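> The file below is work.tsv, TSV, C-alpha atoms:
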chain	number	residue	atom	x	y	z
X	1	MET	CA	0.00	0.00	0.00
X	2	LYS	CA	1.25	3.46	-0.85
X	3	GLU	CA	1.38	6.12	1.82
X	4	LEU	CA	-1.41	8.67	1.92
X	5	LYS	CA	-0.86	12.44	1.95
X	6	ILE	CA	-3.41	14.68	3.64
X	7	GLY	CA	-2.23	18.26	3.52
X	8	GLY	CA	1.29	18.17	4.91
X	9	LEU	CA	0.63	14.94	6.82
X	10	THR	CA	2.00	11.58	5.71
X	11	ILE	CA	-0.03	8.50	6.66
X	12	THR	CA	2.23	5.49	6.20
X	13	VAL	CA	-0.67	3.02	5.95
X	14	PRO	CA	-3.60	4.58	4.00
X	15	VAL	CA	-6.23	3.50	6.52
X	16	ILE	CA	-8.47	5.94	8.37
X	17	GLN	CA	-10.32	4.49	11.34
X	18	GLY	CA	-13.92	5.63	11.10
X	19	GLY	CA	-15.34	7.76	13.89
X	20	MET	CA	-17.98	5.75	15.75
X	21	GLY	CA	-20.22	7.13	18.45
X	22	VAL	CA	-21.41	7.01	21.09
X	23	GLY	CA	-18.18	6.04	22.83
X	24	ILE	CA	-17.13	3.31	20.38
X	25	SER	CA	-14.07	5.14	19.07
X	26	LEU	CA	-12.47	7.18	21.81
X	27	SER	CA	-8.79	7.71	22.54
X	28	GLY	CA	-8.17	4.01	23.22
X	29	LEU	CA	-9.00	2.81	19.72
X	30	ALA	CA	-7.65	5.97	18.06
X	31	VAL	CA	-4.24	5.58	19.71
X	32	ALA	CA	-3.98	1.92	18.71
X	33	VAL	CA	-4.70	2.74	15.05
X	34	ALA	CA	-2.37	5.74	15.01
X	35	ASN	CA	0.43	3.61	16.43
X	36	GLN	CA	0.06	1.23	13.48
X	37	GLY	CA	0.55	4.04	10.97
X	38	GLY	CA	-3.08	4.80	10.20
X	39	VAL	CA	-5.24	7.72	11.33
X	40	GLY	CA	-6.95	7.17	14.65
X	41	VAL	CA	-10.26	9.01	14.95
X	42	ILE	CA	-12.15	10.06	18.09
X	43	SER	CA	-15.90	10.44	17.68
X	44	ALA	CA	-17.26	13.64	19.23
X	45	ALA	CA	-20.80	12.25	19.42
X	46	GLY	CA	-22.24	11.75	22.87
X	47	LEU	CA	-19.15	12.66	24.86
X	48	GLY	CA	-21.39	14.60	27.21
X	49	PHE	CA	-22.66	11.21	28.38
X	50	VAL	CA	-19.29	9.48	28.44
X	51	HIS	CA	-17.74	12.35	30.42
X	52	ARG	CA	-20.63	13.39	32.63
X	53	ASN	CA	-20.00	16.35	34.88
X	54	PRO	CA	-22.66	17.49	37.38
X	55	GLU	CA	-21.37	21.04	37.11
X	56	LEU	CA	-21.89	21.18	33.34
X	57	ASN	CA	-24.88	20.73	31.08
X	58	TYR	CA	-24.78	18.06	28.39
X	59	LEU	CA	-23.37	20.28	25.63
X	60	GLU	CA	-20.70	21.76	27.89
X	61	ALA	CA	-19.69	18.28	29.04
X	62	ASN	CA	-19.55	17.23	25.38
X	63	THR	CA	-16.96	19.91	24.64
X	64	GLU	CA	-14.91	19.17	27.75
X	65	GLY	CA	-15.08	15.47	26.96
X	66	LEU	CA	-13.60	16.10	23.52
X	67	LYS	CA	-10.70	17.99	25.08
X	68	THR	CA	-10.10	15.12	27.46
X	69	GLU	CA	-10.07	12.47	24.75
X	70	ILE	CA	-7.73	14.44	22.48
X	71	ARG	CA	-5.30	15.07	25.34
X	72	LYS	CA	-5.38	11.42	26.41
X	73	ALA	CA	-4.56	10.40	22.83
X	74	ARG	CA	-1.70	12.88	22.61
X	75	GLU	CA	-0.15	11.46	25.75
X	76	LYS	CA	0.00	7.97	24.26
X	77	THR	CA	0.95	8.43	20.60
X	78	ASN	CA	2.97	10.55	18.23
X	79	GLY	CA	0.81	9.24	15.41
X	80	ILE	CA	-1.94	11.07	13.55
X	81	ILE	CA	-5.15	11.73	15.48
X	82	GLY	CA	-8.39	13.00	13.99
X	83	VAL	CA	-11.86	13.74	15.30
X	84	ASN	CA	-15.20	13.06	13.66
X	85	ILE	CA	-17.75	15.82	14.23
X	86	MET	CA	-21.26	15.58	12.80
X	87	VAL	CA	-22.53	18.76	11.16
X	88	ALA	CA	-25.98	17.91	12.52
X	89	MET	CA	-24.81	18.25	16.12
X	90	SER	CA	-26.28	21.31	17.78
X	91	ASN	CA	-22.89	22.34	19.19
X	92	PHE	CA	-20.96	21.60	16.00
X	93	GLU	CA	-19.23	24.99	16.07
X	94	ASP	CA	-18.03	24.64	19.65
X	95	LEU	CA	-16.67	21.16	18.98
X	96	VAL	CA	-14.83	22.32	15.85
X	97	LYS	CA	-13.28	25.25	17.71
X	98	THR	CA	-12.25	22.92	20.52
X	99	ALA	CA	-10.63	20.43	18.14
X	100	ILE	CA	-8.70	23.19	16.39
X	101	SER	CA	-7.57	24.81	19.65
X	102	GLU	CA	-6.37	21.38	20.83
X	103	LYS	CA	-4.36	21.13	17.59
X	104	VAL	CA	-5.93	17.88	16.45
X	105	ASP	CA	-4.40	16.73	13.16
X	106	ILE	CA	-7.59	16.29	11.13
X	107	ILE	CA	-11.28	17.09	11.45
X	108	PHE	CA	-13.64	14.76	9.57
X	109	ALA	CA	-17.08	16.35	9.22
X	110	GLY	CA	-20.19	14.64	7.87
X	111	ALA	CA	-23.90	14.04	8.59
X	112	GLY	CA	-24.57	17.21	6.64
X	113	LEU	CA	-22.34	19.32	4.43
X	114	PRO	CA	-19.73	21.33	6.40
X	115	MET	CA	-20.01	24.40	4.18
X	116	HIS	CA	-18.39	26.81	6.63
X	117	LEU	CA	-15.75	24.58	8.22
X	118	PRO	CA	-12.68	26.54	6.98
X	119	GLY	CA	-14.08	29.67	8.61
X	120	PHE	CA	-13.04	28.34	12.01
X	121	LEU	CA	-9.34	28.15	11.15
X	122	THR	CA	-6.90	30.80	12.31
X	123	LYS	CA	-3.53	31.76	10.85
X	124	GLU	CA	-1.86	29.52	13.42
X	125	SER	CA	-4.09	26.50	12.75
X	126	LYS	CA	-2.45	23.32	11.51
X	127	THR	CA	-5.57	21.15	11.59
X	128	LYS	CA	-6.51	19.61	8.23
X	129	LEU	CA	-10.14	19.63	7.10
X	130	VAL	CA	-11.82	16.63	5.47
X	131	PRO	CA	-15.52	16.65	4.56
X	132	ILE	CA	-17.48	13.40	4.40
X	133	VAL	CA	-19.79	13.23	1.37
X	134	SER	CA	-21.93	10.62	-0.36
X	135	SER	CA	-21.89	11.89	-3.95
X	136	SER	CA	-19.85	13.74	-6.55
X	137	ARG	CA	-22.40	16.55	-6.46
X	138	ALA	CA	-21.83	17.07	-2.74
X	139	ALA	CA	-18.05	17.01	-3.25
X	140	LYS	CA	-18.33	19.72	-5.90
X	141	LEU	CA	-20.63	21.85	-3.74
X	142	VAL	CA	-18.18	21.75	-0.83
X	143	CYS	CA	-15.16	22.51	-3.02
X	144	ASN	CA	-16.89	25.44	-4.71
X	145	LYS	CA	-18.09	26.90	-1.40
X	146	TRP	CA	-14.77	26.53	0.40
X	147	LYS	CA	-12.82	27.98	-2.51
X	148	SER	CA	-15.09	30.98	-3.11
X	149	ALA	CA	-15.73	31.86	0.53
X	150	TYR	CA	-12.43	30.92	2.18
X	151	ASN	CA	-9.92	30.34	-0.64
X	152	TYR	CA	-9.46	26.86	0.82
X	153	LEU	CA	-9.91	23.39	-0.64
X	154	PRO	CA	-10.41	20.15	1.29
X	155	ASP	CA	-7.22	18.44	2.34
X	156	ALA	CA	-8.95	15.19	1.39
X	157	ILE	CA	-12.50	13.97	0.83
X	158	VAL	CA	-14.08	10.93	2.46
X	159	LEU	CA	-16.66	9.35	0.18
X	160	GLU	CA	-19.00	7.23	2.29
X	161	GLY	CA	-20.96	4.65	0.33
X	162	PRO	CA	-24.27	2.92	1.15
X	163	LYS	CA	-22.71	-0.08	2.95
X	164	ALA	CA	-21.46	2.02	5.86
X	165	GLY	CA	-22.72	1.68	9.41
X	166	GLY	CA	-24.71	4.28	11.30
X	167	HIS	CA	-26.42	7.19	9.60
X	168	LEU	CA	-26.36	7.12	5.81
X	169	GLY	CA	-26.52	9.93	3.27
X	170	PHE	CA	-28.79	7.98	0.93
X	171	LYS	CA	-32.49	7.36	0.46
X	172	LYS	CA	-33.66	3.85	1.30
X	173	ASP	CA	-34.24	2.91	-2.33
X	174	GLN	CA	-30.67	3.89	-3.20
X	175	LEU	CA	-29.02	1.60	-0.68
X	176	GLU	CA	-29.38	-1.52	-2.82
X	177	ASP	CA	-29.11	0.27	-6.18
X	178	SER	CA	-25.83	-0.67	-7.91
X	179	ASN	CA	-25.68	2.82	-9.43
X	180	TYR	CA	-24.94	4.13	-5.94
X	181	SER	CA	-22.33	1.53	-5.02
X	182	LEU	CA	-18.99	2.73	-3.72
X	183	GLU	CA	-17.31	1.27	-6.81
X	184	GLU	CA	-19.48	3.49	-9.01
X	185	LEU	CA	-19.22	6.60	-6.85
X	186	VAL	CA	-15.44	6.74	-6.36
X	187	PRO	CA	-14.56	7.40	-10.04
X	188	GLN	CA	-17.33	10.01	-10.20
X	189	VAL	CA	-15.90	11.95	-7.26
X	190	VAL	CA	-12.34	11.61	-8.56
X	191	ASP	CA	-13.45	13.07	-11.91
X	192	GLU	CA	-15.49	15.83	-10.26
X	193	ILE	CA	-12.65	17.19	-8.15
X	194	ARG	CA	-9.94	16.89	-10.82
X	195	PRO	CA	-10.50	20.47	-12.12
X	196	PHE	CA	-10.01	21.80	-8.58
X	197	GLU	CA	-6.78	19.82	-8.26
X	198	GLU	CA	-5.46	21.01	-11.61
X	199	LYS	CA	-6.28	24.66	-10.97
X	200	SER	CA	-4.79	24.63	-7.46
X	201	GLU	CA	-1.89	22.36	-8.46
X	202	ARG	CA	-2.44	20.15	-5.43
X	203	GLU	CA	-3.94	16.75	-4.83
X	204	ILE	CA	-7.24	16.21	-3.03
X	205	PRO	CA	-7.14	12.49	-2.22
X	206	VAL	CA	-10.42	10.59	-2.18
X	207	ILE	CA	-10.81	8.20	0.76
X	208	ALA	CA	-13.36	5.45	0.22
X	209	ALA	CA	-15.61	4.36	3.09
X	210	GLY	CA	-18.44	1.92	3.63
X	211	GLY	CA	-18.13	-1.85	3.30
X	212	ILE	CA	-14.32	-1.94	3.26
X	213	TYR	CA	-13.28	-4.95	5.35
X	214	THR	CA	-10.32	-6.79	3.79
X	215	GLY	CA	-7.03	-6.03	2.09
X	216	HIS	CA	-8.60	-7.25	-1.13
X	217	ASP	CA	-11.37	-4.65	-0.69
X	218	ILE	CA	-8.71	-1.97	-0.31
X	219	PHE	CA	-6.93	-3.10	-3.47
X	220	ASN	CA	-10.16	-3.09	-5.49
X	221	ILE	CA	-11.26	0.37	-4.42
X	222	ILE	CA	-7.80	1.88	-4.95
X	223	LYS	CA	-7.97	0.56	-8.52
X	224	LYS	CA	-11.09	2.72	-8.87
X	225	GLY	CA	-9.15	5.86	-7.96
X	226	ALA	CA	-9.27	6.06	-4.17
X	227	LYS	CA	-6.02	6.97	-2.43
X	228	GLY	CA	-7.01	5.49	0.92
X	229	VAL	CA	-9.86	3.89	2.84
X	230	GLN	CA	-11.88	4.52	5.96
X	231	ILE	CA	-12.72	1.45	8.05
X	232	GLY	CA	-14.96	1.47	11.10
X	233	THR	CA	-16.81	-1.80	11.57
X	234	ARG	CA	-13.79	-4.09	11.53
X	235	PHE	CA	-12.13	-2.22	14.39
X	236	VAL	CA	-15.08	-2.72	16.75
X	237	THR	CA	-14.18	-6.30	17.63
X	238	THR	CA	-10.71	-5.41	18.90
X	239	GLU	CA	-9.33	-5.39	22.41
X	240	GLU	CA	-8.55	-1.69	22.02
X	241	CYS	CA	-12.05	-0.60	20.95
X	242	ASP	CA	-13.60	1.55	23.66
X	243	ALA	CA	-17.02	-0.17	23.56
X	244	SER	CA	-18.21	-2.69	26.14
X	245	MET	CA	-17.63	-6.40	25.53
X	246	GLU	CA	-21.40	-6.85	25.22
X	247	PHE	CA	-21.41	-4.38	22.32
X	248	LYS	CA	-18.54	-6.19	20.60
X	249	GLN	CA	-20.22	-9.56	21.14
X	250	THR	CA	-23.26	-8.26	19.29
X	251	TYR	CA	-21.12	-8.11	16.15
X	252	ILE	CA	-19.68	-11.58	16.68
X	253	ASN	CA	-23.12	-13.09	17.26
X	254	ALA	CA	-24.74	-11.35	14.27
X	255	SER	CA	-25.69	-13.14	11.07
X	256	GLU	CA	-25.94	-11.33	7.76
X	257	SER	CA	-29.74	-11.23	8.03
X	258	ASP	CA	-29.51	-9.44	11.41
X	259	ILE	CA	-28.04	-6.32	9.83
X	260	GLU	CA	-30.82	-4.04	8.67
X	261	ILE	CA	-31.81	-0.49	7.84
X	262	ILE	CA	-33.74	1.46	10.46
X	263	GLN	CA	-35.19	4.95	10.43
X	264	SER	CA	-33.33	7.10	12.92
X	265	PRO	CA	-34.95	9.90	14.95
X	266	VAL	CA	-32.46	12.29	13.36
X	267	GLY	CA	-34.26	11.92	10.02
X	268	MET	CA	-31.82	9.61	8.24
X	269	PRO	CA	-31.79	5.90	7.50
X	270	GLY	CA	-29.20	4.01	9.53
X	271	ARG	CA	-27.67	0.54	9.44
X	272	ALA	CA	-27.80	-1.39	12.71
X	273	ILE	CA	-27.86	-4.91	14.14
X	274	ARG	CA	-31.39	-6.04	14.89
X	275	ASN	CA	-32.22	-6.78	18.52
X	276	ASN	CA	-35.16	-6.69	20.93
X	277	PHE	CA	-34.95	-2.93	21.33
X	278	ILE	CA	-35.34	-2.39	17.58
X	279	ASP	CA	-38.17	-4.94	17.46
X	280	LYS	CA	-40.03	-3.06	20.18
X	281	ILE	CA	-39.68	0.18	18.20
X	282	LYS	CA	-41.19	-1.53	15.15
X	283	GLN	CA	-44.06	-2.89	17.24
X	284	GLY	CA	-44.84	0.56	18.61
X	285	LEU	CA	-43.99	-0.48	22.15
X	286	LYS	CA	-41.72	2.50	22.71
X	287	MET	CA	-43.38	5.77	23.71
X	288	PRO	CA	-42.32	9.22	22.47
X	289	VAL	CA	-39.85	10.99	24.73
X	290	LYS	CA	-39.02	14.51	25.73
X	291	CYS	CA	-35.53	15.67	24.85
X	292	PRO	CA	-33.38	17.14	27.64
X	293	PHE	CA	-30.20	17.22	25.54
X	294	HIS	CA	-30.91	18.87	22.17
X	295	CYS	CA	-27.78	17.21	20.81
X	296	ILE	CA	-28.86	16.84	17.15
X	297	LYS	CA	-30.41	19.67	15.13
X	298	THR	CA	-32.50	17.38	12.93
X	299	CYS	CA	-33.91	15.09	15.64
X	300	GLU	CA	-37.72	14.86	15.45
X	301	VAL	CA	-38.40	14.96	19.17
X	302	SER	CA	-42.18	15.28	18.86
X	303	SER	CA	-42.56	12.06	16.86
X	304	SER	CA	-39.59	9.99	18.01
X	305	PRO	CA	-40.29	6.89	20.11
X	306	TYR	CA	-36.87	7.03	21.73
X	307	CYS	CA	-33.81	9.20	22.32
X	308	ILE	CA	-31.07	8.04	19.97
X	309	ILE	CA	-28.17	9.44	21.99
X	310	THR	CA	-29.42	7.56	25.07
X	311	ALA	CA	-29.93	4.35	23.09
X	312	LEU	CA	-26.42	4.49	21.63
X	313	TYR	CA	-24.89	5.31	25.02
X	314	ASN	CA	-26.70	2.35	26.59
X	315	ALA	CA	-25.31	0.08	23.87
X	316	TYR	CA	-21.80	1.44	24.41
X	317	LYS	CA	-22.14	0.51	28.10
X	318	GLY	CA	-23.42	-2.97	27.22
X	319	LYS	CA	-27.08	-2.42	28.10
X	320	MET	CA	-28.31	-3.86	24.81
X	321	GLU	CA	-31.89	-4.28	26.04
X	322	ARG	CA	-32.06	-0.46	26.15
X	323	GLY	CA	-30.19	0.34	22.94
X	324	TYR	CA	-28.68	-1.06	19.76
X	325	ALA	CA	-25.45	-1.24	17.82
X	326	PHE	CA	-24.88	0.63	14.59
X	327	ALA	CA	-22.79	-1.48	12.20
X	328	GLY	CA	-21.57	-1.65	8.63
X	329	SER	CA	-22.89	-4.23	6.17
X	330	ASN	CA	-19.99	-6.62	6.86
X	331	ALA	CA	-20.27	-6.68	10.66
X	332	TYR	CA	-21.43	-10.32	10.55
X	333	MET	CA	-17.95	-11.32	9.31
X	334	ALA	CA	-16.44	-10.78	12.77
X	335	GLU	CA	-15.70	-14.12	14.43
X	336	LYS	CA	-13.59	-13.23	17.45
X	337	ILE	CA	-11.99	-10.46	19.46
X	338	THR	CA	-8.66	-9.53	17.92
X	339	THR	CA	-6.22	-6.61	18.11
X	340	VAL	CA	-5.65	-3.54	15.97
X	341	LYS	CA	-2.12	-4.76	15.23
X	342	GLU	CA	-3.45	-8.07	13.93
X	343	ILE	CA	-5.99	-6.31	11.74
X	344	PHE	CA	-3.33	-4.11	10.16
X	345	ALA	CA	-1.16	-7.16	9.49
X	346	ASP	CA	-4.12	-8.94	7.88
X	347	LEU	CA	-5.04	-5.91	5.75
X	348	LYS	CA	-1.47	-5.57	4.49
X	349	ALA	CA	-1.20	-9.29	3.71
X	350	GLY	CA	-4.57	-9.32	1.95
X	351	PHE	CA	-3.63	-6.29	-0.10
X	352	GLN	CA	-0.32	-7.83	-1.12
X	353	ASN	CA	-2.03	-11.08	-2.11
X	354	ALA	CA	-4.47	-9.11	-4.26
X	355	VAL	CA	-1.56	-7.33	-5.95
X	356	LEU	CA	0.14	-10.63	-6.72
X	357	ARG	CA	-3.06	-12.19	-8.06
X	358	ASN	CA	-3.60	-9.16	-10.26
X	359	MET	CA	-0.06	-9.46	-11.64
X	360	VAL	CA	-0.54	-13.13	-12.45
X	361	THR	CA	-3.86	-12.43	-14.17
X	362	ALA	CA	-2.31	-9.64	-16.20
X	363	VAL	CA	0.48	-11.87	-17.58
The structure given in the file should be rewritten as structure tokens.

Amino acid sequence: MKELKIGGLTITVPVIQGGMGVGISLSGLAVAVANQGGVGVISAAGLGFVHRNPELNYLEANTEGLKTEIRKAREKTNGIIGVNIMVAMSNFEDLVKTAISEKVDIIFAGAGLPMHLPGFLTKESKTKLVPIVSSSRAAKLVCNKWKSAYNYLPDAIVLEGPKAGGHLGFKKDQLEDSNYSLEELVPQVVDEIRPFEEKSEREIPVIAAGGIYTGHDIFNIIKKGAKGVQIGTRFVTTEECDASMEFKQTYINASESDIEIIQSPVGMPGRAIRNNFIDKIKQGLKMPVKCPFHCIKTCEVSSSPYCIITALYNAYKGKMERGYAFAGSNAYMAEKITTVKEIFADLKAGFQNAVLRNMVTAV
């Protein structure tokens, strides 16, 4: 695998660990990935729960929790650390400012288009900015806006396809449509941003995400034009993942048919592992709740049968009867608890085997 360049940063193994909230990817997992030469990513979602403070409200605790996780990561690695901040979060601006002031290496921003993200940078800022998009149209919109308003272009672009876990930037009928597959979308985004690269005389690497699980998957998507990959699901069943063992076991116990699309209270479809909690939602056995947190701008509080941030926090803590696990389409492939180091070794070996097979086929 070739190294990946994001701004002035060099990632020796072109693997970005996906940001997974609530509490699934904190400093523990991020440090382990960074130490293997990838980019470790802390999810900013729900840190107000993970780092509760009776003297602070939820949103204030969220910001302080992000500081804590970034500082913990910095103490344990000299590798590259990023944070994932959802645009839909009600305190998105505060979290971005916090990440920049803490000198995090990269901000990954999705769940909405981060049209004004460069506006938070200062002259002293070294943080790189990477939007997460789901189409070539969205990539073009972000590039045009950033260039015209801030004279700034993305340091990279994460293209998240329909096989990803958690909230998805697609309509339900697009999720199984081959025209929206990651393999189709990557070349479209690469072509769309090429004029920006040529005019600015700098590369904007496309990082493919959603359904990437093996070294062979990495090889195939790089052939389509991606310069790196983002992997979330596979890192869940590691010793270093910050989730509870009960959460991890949910992945190991899952069959392919258990992974399904649900409608999230935040107004997006999401991919999760079916359990009793989800079944009760479908049966109408969950009653609408009042929202004391106001964590997501788009959450339909008046019609929602449950609080998503509470459900995800419960799952993170292992209380699966009161929550559920988001997961990518390949979560059922997990068979055991492993380590981040072992996963990197397997990805590299699988990639090299794919290269060799391709060479033999080409002869």
> Excluding same-chain residues fewer than 4 positions from stretch 229-235 of chain X, what lies within 8 Å of it counting all atoms listed in the file, as a list in words?
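With the cut-off at 8 Å, the set is Pro14, Val15, Ile16, Gln17, Gly18, Gly19, Met20, Leu29, Val158, Gly165, Ile207, Ala208, Ala209, Gly210, Gly211, Ile212, Tyr213, Ile218, Cys241, Ala327, Gly328, Asn330, Ala331, Ala334, Val340 and Ile343 of chain X.
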> Identify which of the residues X:Leu175, X:Ala111, X:Ala45, X:Ala226 lies closest to X:Asp191, counting only C-alpha atoms when measuring atom-to-atom distances.
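So, comparing all the options, the nearest one is X:Ala226.
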> With only C-alpha atoms as the counted atoms, please give the residues lying no more than 10 Å from X:Glu260, apart from itself and same-chain residues fewer than 6 positions off, as an MDAnalysis selection string.
chainID X and resid 165 270:274 326:329
> Suppose you want the space between atom CA of X:Ala311 and atom CA of X:Thr68; what is it in Å?
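Computed distance, atom CA of X:Ala311 to atom CA of X:Thr68, equals 23.0 Å.
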> I want to know what sits within 12 Å of X:Val39, based on only C-alpha atoms, with residues of the same chain fewer than 5 positions away left out; could you give that as a VMD selection string?
chain X and resid 3 to 6 9 to 19 27 29 to 34 73 77 to 84 104 to 108 207 228 to 232
> Have a look at atom CA of X:Gly350 and atom CA of X:His216 and let me know their distance in Å, one decimal.
5.5 Å
> Find the residues around stretch 95-97 of chain X up to 10 Å (all atoms listed in the file counted), leave out those fewer than 6 positions away in its own chain, and share them as a list in words.
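Those residues are Ala44, Ala45, Leu59, Glu60, Asn62, Thr63, Glu64, Gly65, Leu66, Lys67, Val83, Asn84, Ile85, Met86, Val87, Met89, Lys103, Val104, Ile107, Phe108, Ala109, Leu117, Phe120 and Leu121 of chain X.
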> Just C-alpha atoms for this one: save the residues we selected as a PDB file, in the frame of the given file.

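As a result, selection_18.pdb now contains:
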ATOM      1  CA  ALA X  44     -17.260  13.640  19.230  1.00  0.00           C
ATOM      2  CA  ALA X  45     -20.800  12.250  19.420  1.00  0.00           C
ATOM      3  CA  LEU X  59     -23.370  20.280  25.630  1.00  0.00           C
ATOM      4  CA  GLU X  60     -20.700  21.760  27.890  1.00  0.00           C
ATOM      5  CA  ASN X  62     -19.550  17.230  25.380  1.00  0.00           C
ATOM      6  CA  THR X  63     -16.960  19.910  24.640  1.00  0.00           C
ATOM      7  CA  GLU X  64     -14.910  19.170  27.750  1.00  0.00           C
ATOM      8  CA  GLY X  65     -15.080  15.470  26.960  1.00  0.00           C
ATOM      9  CA  LEU X  66     -13.600  16.100  23.520  1.00  0.00           C
ATOM     10  CA  LYS X  67     -10.700  17.990  25.080  1.00  0.00           C
ATOM     11  CA  VAL X  83     -11.860  13.740  15.300  1.00  0.00           C
ATOM     12  CA  ASN X  84     -15.200  13.060  13.660  1.00  0.00           C
ATOM     13  CA  ILE X  85     -17.750  15.820  14.230  1.00  0.00           C
ATOM     14  CA  MET X  86     -21.260  15.580  12.800  1.00  0.00           C
ATOM     15  CA  VAL X  87     -22.530  18.760  11.160  1.00  0.00           C
ATOM     16  CA  MET X  89     -24.810  18.250  16.120  1.00  0.00           C
ATOM     17  CA  LYS X 103      -4.360  21.130  17.590  1.00  0.00           C
ATOM     18  CA  VAL X 104      -5.930  17.880  16.450  1.00  0.00           C
ATOM     19  CA  ILE X 107     -11.280  17.090  11.450  1.00  0.00           C
ATOM     20  CA  PHE X 108     -13.640  14.760   9.570  1.00  0.00           C
ATOM     21  CA  ALA X 109     -17.080  16.350   9.220  1.00  0.00           C
ATOM     22  CA  LEU X 117     -15.750  24.580   8.220  1.00  0.00           C
ATOM     23  CA  PHE X 120     -13.040  28.340  12.010  1.00  0.00           C
ATOM     24  CA  LEU X 121      -9.340  28.150  11.150  1.00  0.00           C
TER      25      LEU X 121
END
> Measuring between all atoms listed in the file, which one of X:Phe344, X:Tyr332, X:Phe170, X:Tyr316 shows the shortest distance to X:Met245?
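Selected residue with least distance to X:Met245: X:Tyr316.
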> Using all atoms listed in the file, can you tell me which of X:Met1, X:Leu182, X:Gly23, X:Val355 comes closest to X:Leu312?
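The answer is X:Gly23, which sits nearest to X:Leu312.
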> Rounded to one decimal, what separation in Å do you get between atom CA of X:Lys319 and atom CA of X:Phe247?
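These two atoms are separated by 8.3 Å.
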> Under the rule that all atoms listed in the file are counted, which of X:Lys224, X:Arg202, X:Arg322, X:His167 is the nearest residue to X:Tyr152?
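Between X:Lys224, X:Arg202, X:Arg322, X:His167, the residue approaching X:Tyr152 most closely is X:Arg202.
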> Would you please work out which residue, of X:Leu356, X:Gly28, X:Val22, X:Asn276, is nearest to X:Glu75 when using all atoms listed in the file?
X:Gly28
> Could you tell me which of X:Gly46, X:Gly38, X:Gly8, X:Pro195 comes closest to X:Leu26 if we count all atoms listed in the file?
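Distance minimum relative to X:Leu26 lands on X:Gly46.
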> Please identify all polymer residues within 12 Å of X:Ser148, counting all atoms listed in the file, omitting same-chain residues fewer than 5 positions from it, and present them as a PyMOL selection string.
chain X and resi 115-116+118-119+141-143+153+196
